[in-house]
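S.K.: The following block contains the structure, expressed as structure tokens.
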Amino acid sequence: MPRALFLCCSLTSLLASLHAAELAGAPGPVGPPEGAKLVHRLEITKPGVYENFRVDAQGQGGNIVKITTNDVTLRNCEIFNGTGNGVGVFGTRVVIENCRIHHLLNGTYENQTDAHGITGRWGDVTIRNCDISHISGDCIQFDPDRRQRGSLIIEKCHLWAGPLAEDAPGFKAGQSPGENAFDSKTPPDGERCKLIIRQCYMHGWNQPSQISTRAALNLKEHIGAVISRCVFDDNEVAIRARGPGGRGDARVTVEDCAIYRTQVGVRAEDKIEGLKILRMAYGPDVKTREERHGGKELPGYENTGGHDAPPLESLIVKPRP
């Protein structure tokens, strides 16, 4: 998918029945400006604004950009060419915006090792207007250590998988690495971690992978999630919502979204409680709109306002120069 088509606009003006709040408009520029400073790793230990970096990891692992303090904005950066995570967040009140994160590949295509685009600990974290692709883990994963609680907002982002244009160590051109656009892990009890994902475009999670079910959103464990005004295309599963059990107990509301060219729109697992699917738009190539695993009865389930989607091209827009 060309980078020019990278964010959905609101569905309001195109489908009166969707009732979204406002028109999203075209996304802003993503990545560093011309003449950005080239570095190979970035350690952020003091509050402030950090912007206009090209972070070429030169094949190194670990957290390529590591944030270990509060009150940080990371802006207008490109982070790439590593075998570890693009950004590790270990502070709160952190904003990551207008960043391009790509080609973080570890292991081999047949035996991939996690290299996430953005990861770290739940806190007051916002990820905005970022383009993340070609990773061997998840575009965004919080919290792999299951240590912290907090909130995460992901908005106006392009989270995608697709064939590699060239060979990379352990990978061949044409292979599509990665697991999910987003994956949640949390402490098992206490206050729920709060997740908001809105106005994002997530596609390409449909090629063979090392995981058994490849989904754009893998929503599980102890979260309260609201997914709104997002567009999903060319995925095995668009939204995987998982109920009580070893990986379950999510509370998920999906509203005013659209799904295209997907095997399963929403996969509800293990009698998930309180699942709400509101005003969902489905393209003609969605094979199964909803699928249930581990129990047919879903306590507190609501599904209203489902309808046919407009052409995909009418919901994604070009970024401003």
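Going through the structure tokens in order, the chains are called A, B, and so on, while each chain numbers its residues from 1 and the ligands are numbered from 1 in the order shown.
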Write down as a ChimeraX atom specification the residues of region 32-190 of chain A whose backbone DSSP state falls under strand (DSSP E).
M.R.: /A:37-39,42-44,48-51,53-56,63-67,72-75,78-82,85-89,94-97,100-104,118-120,124-128,131-135,138-142,151-155,158-160,180-184
S.K.: Would you list the contacts of region 243-252 of chain A as a list in words, taking every protein, DNA or RNA residue within 8 Å and counting only C-alpha atoms, but skipping same-chain residues closer than 5 positions in sequence?
M.R.: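 Using only C-alpha atoms, the neighbours found are Leu219, Lys220, Glu221, His222, Ile223, Gly224, Ala225, Val226, Ile227, Ala268, Glu269, Asp270, Lys271, Ile272, Glu273, Gly274, Leu275 and Lys276 of chain A.
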S.K.: Rank nothing, just name the residue among A:Leu298, A:Val231, A:Leu217, A:Leu42 nearest to Glu179 (chain A), using only C-alpha atoms.
M.R.: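 So, comparing all the options, the nearest one is A:Leu217.
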S.K.: Could you give me, as number ranges by chain, the residues within 7 Å of Tyr50 (chain A), counting only C-alpha atoms and dropping anything in the same chain fewer than 3 positions from it?
M.R.: A: 73-75
S.K.: Export N, CA and C atoms of the chosen residues as a PDB file, in the first residue's frame?
M.R.:
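Dumped everything to out.pdb:
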ATOM      1  N   THR A  73       8.048  14.647  24.812  1.00  0.00           N
ATOM      2  CA  THR A  73       7.461  14.596  23.475  1.00  0.00           C
ATOM      3  C   THR A  73       8.548  14.174  22.494  1.00  0.00           C
ATOM      4  N   LEU A  74       8.280  13.107  21.742  1.00  0.00           N
ATOM      5  CA  LEU A  74       9.166  12.639  20.679  1.00  0.00           C
ATOM      6  C   LEU A  74       8.444  12.908  19.370  1.00  0.00           C
ATOM      7  N   ARG A  75       9.060  13.718  18.507  1.00  0.00           N
ATOM      8  CA  ARG A  75       8.323  14.253  17.359  1.00  0.00           C
ATOM      9  C   ARG A  75       9.199  14.278  16.107  1.00  0.00           C
TER      10      ARG A  75
END
S.K.: Counting only C-alpha atoms, figure out which residue out of A:Ile277, A:Ala36, A:Cys139, A:Val49 gets nearest to Asn85 (chain A).
M.R.: A:Cys139
S.K.: Near Cys230 (chain A), within 6 Å and counting only C-alpha atoms, which residues show up once chain neighbours fewer than 3 positions away are dropped, as a list of chain:residue names?
M.R.: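 Residues meeting the cut-off are A:Arg198, A:Gln199, A:Cys200, A:Tyr201, A:Cys257.
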S.K.: For CA of Asn180 (chain A) and CA of Leu104 (chain A), quote the distance in Å rounded to one decimal.
M.R.: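 Straight-line distance from CA of Asn180 (chain A) to CA of Leu104 (chain A) works out to 14.0 Å.
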S.K.: Please provide the set of residues having any atom within 6 Å of Gly86 (chain A), restricted to only C-alpha atoms, with same-chain residues fewer than 5 positions apart removed, written as a list in words.
M.R.: Ile64, Gly117 and Ile118 of chain A
S.K.: What separation in Å, quoted to one decimal, exists between CA of Pro29 (chain A) and CA of Val94 (chain A)?
M.R.: 19.9 Å
S.K.: So which residues touch region 207-216 of chain A within 8 Å, counting only C-alpha atoms, skipping near sequence neighbours fewer than 4 positions away, as a short mmCIF file (atom, residue, chain, number, x, y, z; two decimals) with N, CA and C atoms, in the first residue's frame?
M.R.:
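Result file follows (out-v4.cif):
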data_model
loop_
_atom_site.label_atom_id
_atom_site.label_comp_id
_atom_site.auth_asym_id
_atom_site.auth_seq_id
_atom_site.Cartn_x
_atom_site.Cartn_y
_atom_site.Cartn_z
N GLU A 110 10.67 -17.55 9.49
CA GLU A 110 10.06 -18.77 10.03
C GLU A 110 10.07 -18.80 11.55
N ASN A 111 10.99 -18.07 12.18
CA ASN A 111 11.11 -18.06 13.64
C ASN A 111 11.39 -16.63 14.10
N GLN A 112 10.36 -15.79 14.02
CA GLN A 112 10.53 -14.38 14.32
C GLN A 112 10.62 -14.15 15.83
N SER A 176 6.14 -11.07 4.52
CA SER A 176 5.46 -10.05 5.32
C SER A 176 5.59 -10.39 6.80
N PRO A 177 6.53 -9.76 7.50
CA PRO A 177 6.74 -10.07 8.92
C PRO A 177 5.70 -9.40 9.81
N GLY A 178 5.72 -9.78 11.09
CA GLY A 178 4.89 -9.12 12.08
C GLY A 178 3.74 -9.96 12.56
N GLU A 179 3.17 -9.57 13.70
CA GLU A 179 2.10 -10.32 14.34
C GLU A 179 0.78 -9.56 14.35
N ASN A 180 0.75 -8.39 15.01
CA ASN A 180 -0.49 -7.60 15.12
C ASN A 180 -0.16 -6.11 14.99
N ALA A 181 -1.18 -5.33 14.63
CA ALA A 181 -1.00 -3.88 14.69
C ALA A 181 -0.91 -3.43 16.14
N PHE A 182 -1.76 -4.01 17.01
CA PHE A 182 -1.70 -3.69 18.44
C PHE A 182 -1.97 -4.95 19.24
N MET A 202 -5.55 0.41 9.61
CA MET A 202 -4.77 -0.80 9.92
C MET A 202 -5.04 -1.85 8.84
N HIS A 203 -3.97 -2.29 8.17
CA HIS A 203 -4.18 -3.21 7.06
C HIS A 203 -2.97 -4.12 6.85
N PHE A 232 -10.22 -0.85 8.72
CA PHE A 232 -9.47 -2.11 8.68
C PHE A 232 -9.59 -2.68 7.28
N ASN A 235 -7.13 -8.02 6.30
CA ASN A 235 -6.66 -8.67 7.52
C ASN A 235 -7.26 -10.07 7.64
N GLU A 236 -6.55 -10.96 8.32
CA GLU A 236 -7.14 -12.24 8.67
C GLU A 236 -8.32 -12.00 9.62
N VAL A 237 -8.05 -11.26 10.72
CA VAL A 237 -9.08 -10.82 11.67
C VAL A 237 -8.87 -9.33 11.89
N ALA A 238 -9.94 -8.56 11.84
CA ALA A 238 -9.80 -7.13 12.12
C ALA A 238 -9.67 -6.90 13.63
N ILE A 239 -10.63 -7.42 14.41
CA ILE A 239 -10.65 -7.17 15.85
C ILE A 239 -10.82 -8.50 16.56
N ARG A 240 -9.85 -8.86 17.37
CA ARG A 240 -9.90 -10.07 18.18
C ARG A 240 -10.11 -9.64 19.63
#
S.K.: So which residues touch Thr186 (chain A) within 9 Å, counting only C-alpha atoms, skipping near sequence neighbours fewer than 6 positions away, as a list in words?
M.R.: Trp122, Phe142, Asp143, Pro144, Asp145, Arg146, Arg147, Gln148, Arg149, Arg192, Cys193, Lys220, Glu221, His222 and Ile223 of chain A
S.K.: Go through A:Val39, A:Val264, A:Ala115, A:Leu105 and flag the residue nearest Asn81 (chain A), using only C-alpha atoms for the distances.
M.R.: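 Closest residue, counting only C-alpha atoms: A:Leu105.
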